[in-house]
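So the structure is just underneath, and the comments pick up after that.
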Amino acid sequence: MDDARHAADDAAIRTLLARVAHFADWQEDLERYLDLFTDDAVWEFPGDRRQQVEPTTVRGRDAIRADRRERRRSGFQGPGTDTHHLVTTVAVVLDGDVATADSYWLFVGDTTTAPVIRSIGRYQDRLRRTADGWRLAHRIITVG
């Protein structure tokens, strides 16, 4: 892969990961958020024993849509919840039309009053180039 294409793909993937975080917090149009994922995307959360949270796997855009609607309905995240997803120390590895990205995240609440870190962890992402650009295909979320 030439250097210019590598740099462009790396930048596109980093922008995609940022948009996933931003859109989770403030994008009113849930379909714009879902456009960042492949049709067969998987969202995997192994759980958190300390917080007594059971493992969850969400498969496909329809299931992700339902899960995000519930998160918004419950006030956990989304527009008006005063939460921010912060993604940092992103490491991208490109392999043609697929890529992986490892990053750390922080989930911050009460951002308009007294911000507090609600949780922290690691994303392990697989991404795929589509006709519409890079999309998130599989995310494993680890807490801690």
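FYI, nothing fancy with the structure tokens labels: chains A, B, ... in order, residues from 1 per chain, ligands from 1 as they appear.
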
(message) Among chain A, which ones does DSSP assign to strand (DSSP E) (computed from the backbone)? Answer as a VMD selection string.
(response) chain A and resid 37 to 45 56 to 59 84 to 95 98 to 109 116 to 130 133 to 143

Put those residues in a file: C-alpha atoms, as a short mmCIF file (atom, residue, chain, number, x, y, z; two decimals), in the first residue's frame.
data_model
loop_
_atom_site.label_atom_id
_atom_site.label_comp_id
_atom_site.auth_asym_id
_atom_site.auth_seq_id
_atom_site.Cartn_x
_atom_site.Cartn_y
_atom_site.Cartn_z
CA PHE A 37 -21.61 0.36 10.88
CA THR A 38 -21.63 -2.50 8.39
CA ASP A 39 -25.02 -4.18 7.93
CA ASP A 40 -23.75 -7.26 9.80
CA ALA A 41 -21.93 -5.36 12.55
CA VAL A 42 -21.43 -6.99 15.96
CA TRP A 43 -21.26 -5.09 19.24
CA GLU A 44 -19.83 -7.33 21.96
CA PHE A 45 -19.68 -6.46 25.65
CA THR A 56 -24.19 -8.88 25.81
CA THR A 57 -23.75 -9.41 22.09
CA VAL A 58 -25.76 -7.32 19.63
CA ARG A 59 -25.72 -8.44 15.97
CA HIS A 84 -19.44 12.02 26.53
CA HIS A 85 -17.57 9.06 25.10
CA LEU A 86 -13.85 9.90 24.91
CA VAL A 87 -11.67 7.71 22.68
CA THR A 88 -7.91 7.93 23.01
CA THR A 89 -4.59 6.21 22.22
CA VAL A 90 -5.94 4.73 18.99
CA ALA A 91 -3.66 2.23 17.21
CA VAL A 92 -4.75 1.28 13.68
CA VAL A 93 -3.42 -1.69 11.67
CA LEU A 94 -4.41 -1.75 7.99
CA ASP A 95 -4.57 -4.87 5.84
CA VAL A 98 -9.92 -4.58 6.48
CA ALA A 99 -8.35 -3.04 9.54
CA THR A 100 -8.15 -3.37 13.29
CA ALA A 101 -8.04 -0.60 15.84
CA ASP A 102 -7.30 -0.79 19.54
CA SER A 103 -8.11 2.17 21.73
CA TYR A 104 -8.89 3.20 25.26
CA TRP A 105 -12.18 4.90 26.15
CA LEU A 106 -13.69 6.85 28.98
CA PHE A 107 -17.40 7.34 29.52
CA VAL A 108 -18.05 10.64 31.30
CA GLY A 109 -21.36 11.70 32.83
CA VAL A 116 -17.41 12.23 36.56
CA ILE A 117 -15.81 9.23 34.86
CA ARG A 118 -18.50 6.54 34.93
CA SER A 119 -16.37 3.84 33.31
CA ILE A 120 -13.16 3.27 31.41
CA GLY A 121 -11.90 0.50 29.19
CA ARG A 122 -10.67 -0.72 25.85
CA TYR A 123 -12.23 -1.04 22.39
CA GLN A 124 -11.01 -3.77 20.05
CA ASP A 125 -12.45 -2.93 16.65
CA ARG A 126 -12.52 -4.60 13.27
CA LEU A 127 -13.32 -2.33 10.36
CA ARG A 128 -14.11 -2.95 6.72
CA ARG A 129 -13.89 -0.77 3.64
CA THR A 130 -17.28 -0.60 1.89
CA GLY A 133 -16.06 4.13 2.96
CA TRP A 134 -14.76 2.55 6.16
CA ARG A 135 -17.38 1.10 8.52
CA LEU A 136 -17.22 -0.51 11.94
CA ALA A 137 -17.81 -4.27 11.60
CA HIS A 138 -17.12 -5.63 15.09
CA ARG A 139 -16.46 -3.98 18.43
CA ILE A 140 -15.44 -5.75 21.63
CA ILE A 141 -15.80 -3.52 24.68
CA THR A 142 -13.75 -4.34 27.75
CA VAL A 143 -14.24 -2.47 31.04
#

(request) Considering only C-alpha atoms, return as a list in words whatever protein or nucleic-acid residues lie within 9 Å of stretch 32-35 of chain A, sequence-local ones (same chain, fewer than 5 positions apart) excluded. (result)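 Once the adjacent positions are removed, what remains is Arg19, Val20, Phe23, Ala24, Gln27, Arg61, Asp62, Ile64, Arg65 and Arg135 of chain A.
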
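The gap separating atom CA of A:Thr83 from atom CA of A:Thr111 is 6.0 Å, in Å to one decimal.
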
(message) Which residues are near A:Gly80? Cut-off 9 Å, only C-alpha atoms, ignore same chain within fewer than 4 positions. Put them as a list in words.
(response) Asp25, Trp26 and Gly75 of chain A

(request) Using DSSP on the backbone coordinates, identify all residues within stretch 38-124 of chain A classified as helix (DSSP H, G or I); present the result as a PyMOL selection string. (result) chain A and resi 49-51+61-73

If you keep C-alpha atoms, can you produce a file of those selected residues as a PDB file, in the first residue's frame?
ATOM      1  CA  ARG A  49     -18.608  -8.773  37.264  1.00  0.00           C
ATOM      2  CA  ARG A  50     -17.854  -5.864  39.619  1.00  0.00           C
ATOM      3  CA  GLN A  51     -20.927  -3.982  38.442  1.00  0.00           C
ATOM      4  CA  ARG A  61     -27.901  -2.819  12.464  1.00  0.00           C
ATOM      5  CA  ASP A  62     -31.494  -3.571  13.483  1.00  0.00           C
ATOM      6  CA  ALA A  63     -30.360  -4.973  16.828  1.00  0.00           C
ATOM      7  CA  ILE A  64     -27.905  -2.107  17.331  1.00  0.00           C
ATOM      8  CA  ARG A  65     -30.726   0.355  16.570  1.00  0.00           C
ATOM      9  CA  ALA A  66     -32.965  -1.288  19.194  1.00  0.00           C
ATOM     10  CA  ASP A  67     -30.144  -1.317  21.749  1.00  0.00           C
ATOM     11  CA  ARG A  68     -29.310   2.368  21.155  1.00  0.00           C
ATOM     12  CA  ARG A  69     -32.988   3.343  21.373  1.00  0.00           C
ATOM     13  CA  GLU A  70     -33.189   1.624  24.754  1.00  0.00           C
ATOM     14  CA  ARG A  71     -30.014   3.346  25.971  1.00  0.00           C
ATOM     15  CA  ARG A  72     -31.500   6.679  24.943  1.00  0.00           C
ATOM     16  CA  ARG A  73     -34.924   5.892  26.394  1.00  0.00           C
TER      17      ARG A  73
END

(request) State, in Å with one decimal place, the distance from atom CA of A:Ala131 to atom CA of A:Asp97. (result)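 Result for atom CA of A:Ala131 versus atom CA of A:Asp97: 10.7 Å, one decimal.
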
(message) What's the separation between atom CA of A:Leu30 and atom CA of A:Gly78, in Å to one decimal place?
(response) 9.6 Å
